[in-house]
Amino acid sequence: ILNVEQSPQSLHVQEGDSTNFTCSFPSSNFYALHWYRWETAKSPEALFVMTLNGDEKKKGRISATLNTKEGYSYLYIKGSQPEDSATYLCACPSNTGNQFYFGTGTSLTVIP
Amino acid sequence: KAGVTQTPRYLIKTRGQQVTLSCSPISGHRSVSWYQQTPGQGLQFLFEYFSETQRNKGNFPGRFSGRQFSNSRSEMNVSTLELGDSALYLCASSPQGDRGYDTQYFGPGTRLTVL
């Protein structure tokens, strides 16, 4: 079992603010880290798959970094918009690669 | 390309009954995984199928089972339903389920309520 943790549990920011949150995972036997965005009443949507220490990925105003040696990843949102309101999940696969362990998510609310 | 579809979207059952949920993956995807989400819990892995074979199973009782057909469509079955089985059940497909590197594409889920 992999212990994947996310913080904070929830976050309220004003429109235009930048924000970031954390995903922590065991640094041993690391294979990959996935970030998802899950909007209410929709399916979880993949944001990034990160595999290498020092990876940085970007999609529009959202970016993520990965530190496999210390076991954490940061997700950043620049200039938050109301449409960014969602729960952001991270997940790591097991050493067989096919069993994913999810964190409990960070719920982001962007106030107009 | 059509996304992952799940049927039914909502289901109400009573304790002791059994239920079958269906998942149709994205065309060409061979790996299908199932997850359970209950309030306060993250997504809990149930099992993963690839080419009709169960490759991984999460820590759930034997009442939870699944299968995959030759067209990659998958079903999961829960027998002798308990109140605690009330949850959102999601399935996700990926091309190969390749050692955790493949992106997973999720369906909209089936909301199961057990009374």
# chains A, B, ... in the order shown; residues from 1 in each chain; ligands from 1

$ interface_residues --of "chain B" --to "chain A" --cutoff "8 Å" --atoms "only C-alpha atoms" --output "list of chain:residue names"
B:Gly40, B:Gln41, B:Gly42, B:Leu43, B:Gln44, B:Phe45, B:Phe47, B:Glu48, B:Arg55, B:Asn56, B:Lys57, B:Gly58, B:Gly97, B:Asp98, B:Arg99, B:Gly100, B:Tyr101, B:Asp102, B:Thr103, B:Gln104, B:Tyr105, B:Phe106, B:Gly107, B:Pro108, B:Gly109

$ residues_around --residues "Pro112 in chain A" --least-positions-apart "3" --cutoff "8 Å" --atoms "only C-alpha atoms" --output "mmCIF file with N, CA, C and O atoms, in the first residue's frame"
data_model
loop_
_atom_site.group_PDB
_atom_site.id
_atom_site.type_symbol
_atom_site.label_atom_id
_atom_site.label_comp_id
_atom_site.auth_asym_id
_atom_site.auth_seq_id
_atom_site.Cartn_x
_atom_site.Cartn_y
_atom_site.Cartn_z
ATOM 1 N N GLN A 14 -9.271 34.137 -4.041
ATOM 2 C CA GLN A 14 -9.960 35.142 -4.838
ATOM 3 C C GLN A 14 -9.542 34.995 -6.297
ATOM 4 O O GLN A 14 -8.399 34.581 -6.603
ATOM 5 N N GLU A 15 -10.447 35.317 -7.178
ATOM 6 C CA GLU A 15 -10.131 35.321 -8.613
ATOM 7 C C GLU A 15 -8.892 36.169 -8.845
ATOM 8 O O GLU A 15 -8.777 37.295 -8.317
ATOM 9 N N GLN A 81 -9.008 31.326 -11.856
ATOM 10 C CA GLN A 81 -10.292 31.732 -12.411
ATOM 11 C C GLN A 81 -11.386 30.864 -11.814
ATOM 12 O O GLN A 81 -11.121 29.732 -11.385
ATOM 13 N N PRO A 82 -12.635 31.344 -11.793
ATOM 14 C CA PRO A 82 -13.723 30.527 -11.222
ATOM 15 C C PRO A 82 -13.818 29.133 -11.851
ATOM 16 O O PRO A 82 -14.143 28.169 -11.161
#

$ select_by_dssp --residues "chain A" --states "strand (DSSP E or B)" --output "JSON, numbers by chain"
{"A": [5, 6, 7, 10, 11, 12, 13, 14, 19, 20, 21, 22, 23, 24, 33, 34, 35, 36, 37, 38, 45, 46, 47, 48, 49, 50, 56, 57, 58, 59, 62, 63, 64, 65, 66, 67, 72, 73, 74, 75, 76, 77, 86, 87, 88, 89, 90, 91, 92, 93, 100, 101, 102, 106, 107, 108, 109, 110, 111]}

$ residues_around --residues "Ile26 in chain B" --least-positions-apart "5" --cutoff "9 Å" --atoms "only C-alpha atoms" --output "ChimeraX atom specification"
/B:1-5,93-95,105

$ write_last_selection --atoms "N, CA, C and O atoms" --output "PDB file, in the first residue's frame"
ATOM      1  N   LYS B   1     -13.205  10.800 -30.878  1.00  0.00           N
ATOM      2  CA  LYS B   1     -13.267   9.500 -30.212  1.00  0.00           C
ATOM      3  C   LYS B   1     -14.208   9.590 -29.039  1.00  0.00           C
ATOM      4  O   LYS B   1     -14.129  10.509 -28.244  1.00  0.00           O
ATOM      5  N   ALA B   2     -15.096   8.606 -28.897  1.00  0.00           N
ATOM      6  CA  ALA B   2     -16.015   8.600 -27.771  1.00  0.00           C
ATOM      7  C   ALA B   2     -15.226   8.333 -26.499  1.00  0.00           C
ATOM      8  O   ALA B   2     -14.222   7.614 -26.490  1.00  0.00           O
ATOM      9  N   GLY B   3     -15.724   8.928 -25.392  1.00  0.00           N
ATOM     10  CA  GLY B   3     -15.053   8.741 -24.114  1.00  0.00           C
ATOM     11  C   GLY B   3     -15.482   7.445 -23.454  1.00  0.00           C
ATOM     12  O   GLY B   3     -16.181   6.617 -24.041  1.00  0.00           O
ATOM     13  N   VAL B   4     -15.083   7.294 -22.208  1.00  0.00           N
ATOM     14  CA  VAL B   4     -15.454   6.125 -21.415  1.00  0.00           C
ATOM     15  C   VAL B   4     -16.915   6.276 -21.000  1.00  0.00           C
ATOM     16  O   VAL B   4     -17.309   7.347 -20.519  1.00  0.00           O
ATOM     17  N   THR B   5     -17.691   5.237 -21.205  1.00  0.00           N
ATOM     18  CA  THR B   5     -19.089   5.295 -20.800  1.00  0.00           C
ATOM     19  C   THR B   5     -19.360   4.259 -19.727  1.00  0.00           C
ATOM     20  O   THR B   5     -18.754   3.178 -19.714  1.00  0.00           O
ATOM     21  N   SER B  93     -10.082   3.854 -18.334  1.00  0.00           N
ATOM     22  CA  SER B  93      -9.384   3.043 -19.327  1.00  0.00           C
ATOM     23  C   SER B  93      -8.079   3.705 -19.730  1.00  0.00           C
ATOM     24  O   SER B  93      -7.907   4.922 -19.602  1.00  0.00           O
ATOM     25  N   SER B  94      -7.155   2.880 -20.153  1.00  0.00           N
ATOM     26  CA  SER B  94      -5.887   3.396 -20.678  1.00  0.00           C
ATOM     27  C   SER B  94      -5.429   2.449 -21.772  1.00  0.00           C
ATOM     28  O   SER B  94      -5.873   1.299 -21.839  1.00  0.00           O
ATOM     29  N   PRO B  95      -4.541   2.920 -22.655  1.00  0.00           N
ATOM     30  CA  PRO B  95      -4.169   2.087 -23.793  1.00  0.00           C
ATOM     31  C   PRO B  95      -3.601   0.724 -23.394  1.00  0.00           C
ATOM     32  O   PRO B  95      -4.060  -0.304 -23.867  1.00  0.00           O
ATOM     33  N   TYR B 105      -8.240   7.504 -18.432  1.00  0.00           N
ATOM     34  CA  TYR B 105      -9.391   8.304 -18.827  1.00  0.00           C
ATOM     35  C   TYR B 105     -10.610   7.747 -18.087  1.00  0.00           C
ATOM     36  O   TYR B 105     -10.944   6.573 -18.239  1.00  0.00           O
TER      37      TYR B 105
END

$ closest_residue --among "A:Ser73, A:Thr109, A:Ser18, A:Thr87" --to "Glu56 in chain A" --atoms "only C-alpha atoms"
A:Ser73

$ atom_distance --atom1 "CA of Lys59 in chain A" --atom2 "CA of Thr19 in chain A"
15.0 Å

$ atom_distance --atom1 "CA of Gly60 in chain A" --atom2 "CA of Ser107 in chain A"
19.6 Å

$ residues_around --residues "Val110 in chain A" --least-positions-apart "4" --cutoff "10 Å" --atoms "only C-alpha atoms" --output "list of chain:residue names"
A:Leu11, A:His12, A:Val13, A:Gln14, A:Glu15, A:Gly16, A:Asp17, A:Ser80, A:Gln81, A:Pro82, A:Glu83, A:Asp84, A:Ser85, A:Ala86

$ write_last_selection --atoms "all heavy atoms" --output "mmCIF file, in the first residue's frame"
data_model
loop_
_atom_site.group_PDB
_atom_site.id
_atom_site.type_symbol
_atom_site.label_atom_id
_atom_site.label_comp_id
_atom_site.auth_asym_id
_atom_site.auth_seq_id
_atom_site.Cartn_x
_atom_site.Cartn_y
_atom_site.Cartn_z
ATOM 1 N N LEU A 11 -9.215 24.819 -0.087
ATOM 2 C CA LEU A 11 -8.601 26.118 -0.310
ATOM 3 C C LEU A 11 -9.623 27.042 -0.957
ATOM 4 O O LEU A 11 -10.314 26.630 -1.899
ATOM 5 C CB LEU A 11 -7.424 25.905 -1.274
ATOM 6 C CG LEU A 11 -6.250 26.847 -1.358
ATOM 7 C CD1 LEU A 11 -5.679 27.142 0.007
ATOM 8 C CD2 LEU A 11 -5.190 26.211 -2.246
ATOM 9 N N HIS A 12 -9.742 28.251 -0.419
ATOM 10 C CA HIS A 12 -10.589 29.259 -1.047
ATOM 11 C C HIS A 12 -9.690 30.432 -1.425
ATOM 12 O O HIS A 12 -8.974 30.953 -0.562
ATOM 13 C CB HIS A 12 -11.675 29.741 -0.068
ATOM 14 C CG HIS A 12 -12.726 28.720 0.205
ATOM 15 N ND1 HIS A 12 -12.497 27.600 0.984
ATOM 16 C CD2 HIS A 12 -14.008 28.623 -0.211
ATOM 17 C CE1 HIS A 12 -13.603 26.872 1.029
ATOM 18 N NE2 HIS A 12 -14.528 27.460 0.329
ATOM 19 N N VAL A 13 -9.715 30.819 -2.683
ATOM 20 C CA VAL A 13 -8.886 31.944 -3.132
ATOM 21 C C VAL A 13 -9.756 32.901 -3.928
ATOM 22 O O VAL A 13 -10.825 32.535 -4.437
ATOM 23 C CB VAL A 13 -7.692 31.472 -4.001
ATOM 24 C CG1 VAL A 13 -6.806 30.506 -3.209
ATOM 25 C CG2 VAL A 13 -8.146 30.848 -5.294
ATOM 26 N N GLN A 14 -9.271 34.137 -4.041
ATOM 27 C CA GLN A 14 -9.960 35.142 -4.838
ATOM 28 C C GLN A 14 -9.542 34.995 -6.297
ATOM 29 O O GLN A 14 -8.399 34.581 -6.603
ATOM 30 C CB GLN A 14 -9.610 36.550 -4.356
ATOM 31 C CG GLN A 14 -10.115 36.885 -2.964
ATOM 32 C CD GLN A 14 -11.635 37.046 -2.926
ATOM 33 O OE1 GLN A 14 -12.252 37.441 -3.913
ATOM 34 N NE2 GLN A 14 -12.229 36.768 -1.783
ATOM 35 N N GLU A 15 -10.447 35.317 -7.178
ATOM 36 C CA GLU A 15 -10.131 35.321 -8.613
ATOM 37 C C GLU A 15 -8.892 36.169 -8.845
ATOM 38 O O GLU A 15 -8.777 37.295 -8.317
ATOM 39 C CB GLU A 15 -11.315 35.877 -9.397
ATOM 40 C CG GLU A 15 -11.105 35.893 -10.898
ATOM 41 C CD GLU A 15 -12.353 36.339 -11.646
ATOM 42 O OE1 GLU A 15 -13.412 36.528 -11.004
ATOM 43 O OE2 GLU A 15 -12.269 36.518 -12.874
ATOM 44 N N GLY A 16 -7.963 35.644 -9.626
ATOM 45 C CA GLY A 16 -6.731 36.352 -9.929
ATOM 46 C C GLY A 16 -5.560 35.965 -9.047
ATOM 47 O O GLY A 16 -4.401 36.203 -9.411
ATOM 48 N N ASP A 17 -5.848 35.351 -7.882
ATOM 49 C CA ASP A 17 -4.759 34.898 -7.011
ATOM 50 C C ASP A 17 -4.062 33.698 -7.631
ATOM 51 O O ASP A 17 -4.668 32.913 -8.365
ATOM 52 C CB ASP A 17 -5.300 34.487 -5.633
ATOM 53 C CG ASP A 17 -5.704 35.665 -4.790
ATOM 54 O OD1 ASP A 17 -5.407 36.822 -5.191
ATOM 55 O OD2 ASP A 17 -6.316 35.441 -3.726
ATOM 56 N N SER A 80 -5.807 32.398 -10.713
ATOM 57 C CA SER A 80 -6.967 31.498 -10.618
ATOM 58 C C SER A 80 -8.242 32.139 -11.177
ATOM 59 O O SER A 80 -8.500 33.335 -10.965
ATOM 60 C CB SER A 80 -7.202 31.101 -9.159
ATOM 61 O OG SER A 80 -6.057 30.493 -8.618
ATOM 62 N N GLN A 81 -9.008 31.326 -11.856
ATOM 63 C CA GLN A 81 -10.292 31.732 -12.411
ATOM 64 C C GLN A 81 -11.386 30.864 -11.814
ATOM 65 O O GLN A 81 -11.121 29.732 -11.385
ATOM 66 C CB GLN A 81 -10.285 31.578 -13.933
ATOM 67 C CG GLN A 81 -9.225 32.418 -14.632
ATOM 68 C CD GLN A 81 -9.482 33.911 -14.438
ATOM 69 O OE1 GLN A 81 -10.585 34.393 -14.672
ATOM 70 N NE2 GLN A 81 -8.459 34.631 -13.992
ATOM 71 N N PRO A 82 -12.635 31.344 -11.793
ATOM 72 C CA PRO A 82 -13.723 30.527 -11.222
ATOM 73 C C PRO A 82 -13.818 29.133 -11.851
ATOM 74 O O PRO A 82 -14.143 28.169 -11.161
ATOM 75 C CB PRO A 82 -14.971 31.363 -11.516
ATOM 76 C CG PRO A 82 -14.478 32.772 -11.520
ATOM 77 C CD PRO A 82 -13.104 32.701 -12.136
ATOM 78 N N GLU A 83 -13.498 29.026 -13.122
ATOM 79 C CA GLU A 83 -13.563 27.708 -13.783
ATOM 80 C C GLU A 83 -12.479 26.743 -13.313
ATOM 81 O O GLU A 83 -12.505 25.559 -13.646
ATOM 82 C CB GLU A 83 -13.496 27.843 -15.305
ATOM 83 C CG GLU A 83 -12.262 28.533 -15.838
ATOM 84 C CD GLU A 83 -12.473 30.024 -16.083
ATOM 85 O OE1 GLU A 83 -13.296 30.637 -15.358
ATOM 86 O OE2 GLU A 83 -11.815 30.565 -17.000
ATOM 87 N N ASP A 84 -11.518 27.237 -12.517
ATOM 88 C CA ASP A 84 -10.510 26.360 -11.929
ATOM 89 C C ASP A 84 -11.043 25.658 -10.687
ATOM 90 O O ASP A 84 -10.378 24.771 -10.142
ATOM 91 C CB ASP A 84 -9.250 27.146 -11.542
ATOM 92 C CG ASP A 84 -8.542 27.750 -12.741
ATOM 93 O OD1 ASP A 84 -8.576 27.130 -13.835
ATOM 94 O OD2 ASP A 84 -7.964 28.841 -12.597
ATOM 95 N N SER A 85 -12.212 26.070 -10.210
ATOM 96 C CA SER A 85 -12.801 25.441 -9.026
ATOM 97 C C SER A 85 -13.042 23.965 -9.301
ATOM 98 O O SER A 85 -13.748 23.603 -10.252
ATOM 99 C CB SER A 85 -14.123 26.126 -8.653
ATOM 100 O OG SER A 85 -13.895 27.478 -8.289
ATOM 101 N N ALA A 86 -12.437 23.126 -8.493
ATOM 102 C CA ALA A 86 -12.495 21.675 -8.698
ATOM 103 C C ALA A 86 -11.735 21.020 -7.550
ATOM 104 O O ALA A 86 -11.094 21.694 -6.744
ATOM 105 C CB ALA A 86 -11.846 21.293 -10.034
#

$ atom_distance --atom1 "CA of Leu2 in chain A" --atom2 "CA of Thr106 in chain A"
18.2 Å

$ residues_around --residues "Ser79 in chain B" --least-positions-apart "3" --cutoff "7 Å" --atoms "only C-alpha atoms" --output "count of residues only"
5

$ decode --residues "chain B" --atoms "C-alpha atoms" --output "compact mmCIF listing (two decimals), in the first residue's frame"
# COMPACT_ATOMS: atom_id res chain seq x y z
CA LYS B 1 -13.27 9.50 -30.21
CA ALA B 2 -16.01 8.60 -27.77
CA GLY B 3 -15.05 8.74 -24.11
CA VAL B 4 -15.45 6.13 -21.42
CA THR B 5 -19.09 5.29 -20.80
CA GLN B 6 -20.65 3.69 -17.75
CA THR B 7 -24.11 2.31 -17.28
CA PRO B 8 -26.31 2.75 -15.43
CA ARG B 9 -25.54 6.21 -14.07
CA TYR B 10 -27.69 5.77 -10.97
CA LEU B 11 -28.85 2.68 -9.18
CA ILE B 12 -30.82 2.01 -6.02
CA LYS B 13 -30.71 -1.44 -4.46
CA THR B 14 -31.56 -2.99 -1.13
CA ARG B 15 -29.29 -4.87 1.24
CA GLY B 16 -28.64 -8.44 0.20
CA GLN B 17 -29.23 -7.84 -3.51
CA GLN B 18 -26.54 -8.01 -6.13
CA VAL B 19 -25.66 -5.48 -8.79
CA THR B 20 -23.75 -5.40 -12.07
CA LEU B 21 -22.16 -2.24 -13.41
CA SER B 22 -20.85 -1.84 -16.93
CA CYS B 23 -17.97 0.12 -18.42
CA SER B 24 -17.13 0.64 -22.09
CA PRO B 25 -13.57 1.94 -22.54
CA ILE B 26 -12.27 4.27 -25.22
CA SER B 27 -11.88 2.40 -28.48
CA GLY B 28 -8.45 0.76 -28.65
CA HIS B 29 -7.86 0.87 -24.90
CA ARG B 30 -7.13 -2.53 -23.42
CA SER B 31 -6.76 -1.72 -19.73
CA VAL B 32 -9.80 -1.04 -17.56
CA SER B 33 -9.60 -0.18 -13.86
CA TRP B 34 -12.40 0.20 -11.33
CA TYR B 35 -12.48 2.53 -8.33
CA GLN B 36 -14.83 3.16 -5.44
CA GLN B 37 -15.31 6.57 -3.90
CA THR B 38 -17.13 7.02 -0.60
CA PRO B 39 -17.55 10.28 1.35
CA GLY B 40 -14.33 11.29 3.05
CA GLN B 41 -12.30 8.67 1.23
CA GLY B 42 -10.12 9.06 -1.80
CA LEU B 43 -10.58 6.87 -4.80
CA GLN B 44 -10.03 3.27 -3.69
CA PHE B 45 -8.69 0.84 -6.28
CA LEU B 46 -10.86 -2.22 -6.85
CA PHE B 47 -9.25 -4.10 -9.74
CA GLU B 48 -7.67 -3.76 -13.16
CA TYR B 49 -8.22 -5.86 -16.24
CA PHE B 50 -6.09 -6.18 -19.35
CA SER B 51 -6.92 -8.44 -22.28
CA GLU B 52 -9.62 -10.24 -20.28
CA THR B 53 -7.24 -10.99 -17.38
CA GLN B 54 -7.35 -9.48 -13.93
CA ARG B 55 -3.86 -8.12 -13.34
CA ASN B 56 -4.33 -6.41 -10.00
CA LYS B 57 -6.86 -6.48 -7.21
CA GLY B 58 -7.32 -4.01 -4.39
CA ASN B 59 -8.16 -4.78 -0.80
CA PHE B 60 -11.87 -5.46 -1.14
CA PRO B 61 -13.87 -8.51 -0.06
CA GLY B 62 -14.67 -11.32 -2.47
CA ARG B 63 -18.20 -9.93 -2.89
CA PHE B 64 -16.62 -7.55 -5.39
CA SER B 65 -15.74 -9.19 -8.67
CA GLY B 66 -15.28 -8.21 -12.25
CA ARG B 67 -14.57 -9.40 -15.72
CA GLN B 68 -13.50 -8.08 -19.08
CA PHE B 69 -14.76 -9.17 -22.45
CA SER B 70 -12.84 -9.61 -25.69
CA ASN B 71 -13.96 -6.15 -26.87
CA SER B 72 -12.40 -4.68 -23.66
CA ARG B 73 -15.78 -3.82 -22.15
CA SER B 74 -15.79 -4.57 -18.45
CA GLU B 75 -18.36 -5.35 -15.80
CA MET B 76 -18.11 -5.35 -12.07
CA ASN B 77 -20.44 -7.25 -9.80
CA VAL B 78 -21.17 -6.76 -6.13
CA SER B 79 -23.05 -9.56 -4.43
CA THR B 80 -24.91 -9.46 -1.12
CA LEU B 81 -24.96 -5.69 -0.99
CA GLU B 82 -24.29 -3.91 2.28
CA LEU B 83 -25.15 -0.35 3.28
CA GLY B 84 -21.44 0.52 3.17
CA ASP B 85 -21.31 -0.32 -0.53
CA SER B 86 -23.17 2.90 -1.29
CA ALA B 87 -20.64 4.84 -3.31
CA LEU B 88 -19.66 6.30 -6.63
CA TYR B 89 -18.04 3.62 -8.79
CA LEU B 90 -15.71 4.90 -11.48
CA CYS B 91 -14.01 3.06 -14.23
CA ALA B 92 -10.99 4.27 -16.14
CA SER B 93 -9.38 3.04 -19.33
CA SER B 94 -5.89 3.40 -20.68
CA PRO B 95 -4.17 2.09 -23.79
CA GLN B 96 -1.95 -0.50 -22.11
CA GLY B 97 -1.93 0.30 -18.42
CA ASP B 98 1.80 0.33 -18.90
CA ARG B 99 3.43 0.24 -15.48
CA GLY B 100 1.57 3.33 -14.37
CA TYR B 101 2.85 5.59 -17.12
CA ASP B 102 -0.33 5.60 -19.23
CA THR B 103 -2.85 8.36 -18.76
CA GLN B 104 -6.11 7.05 -17.37
CA TYR B 105 -9.39 8.30 -18.83
CA PHE B 106 -12.33 8.18 -16.46
CA GLY B 107 -15.99 7.58 -17.08
CA PRO B 108 -18.76 9.59 -15.40
CA GLY B 109 -19.35 6.94 -12.75
CA THR B 110 -22.28 4.94 -11.43
CA ARG B 111 -23.85 6.22 -8.23
CA LEU B 112 -25.00 3.20 -6.22
CA THR B 113 -27.29 3.65 -3.24
CA VAL B 114 -28.00 0.67 -0.99
CA LEU B 115 -31.06 0.96 1.23
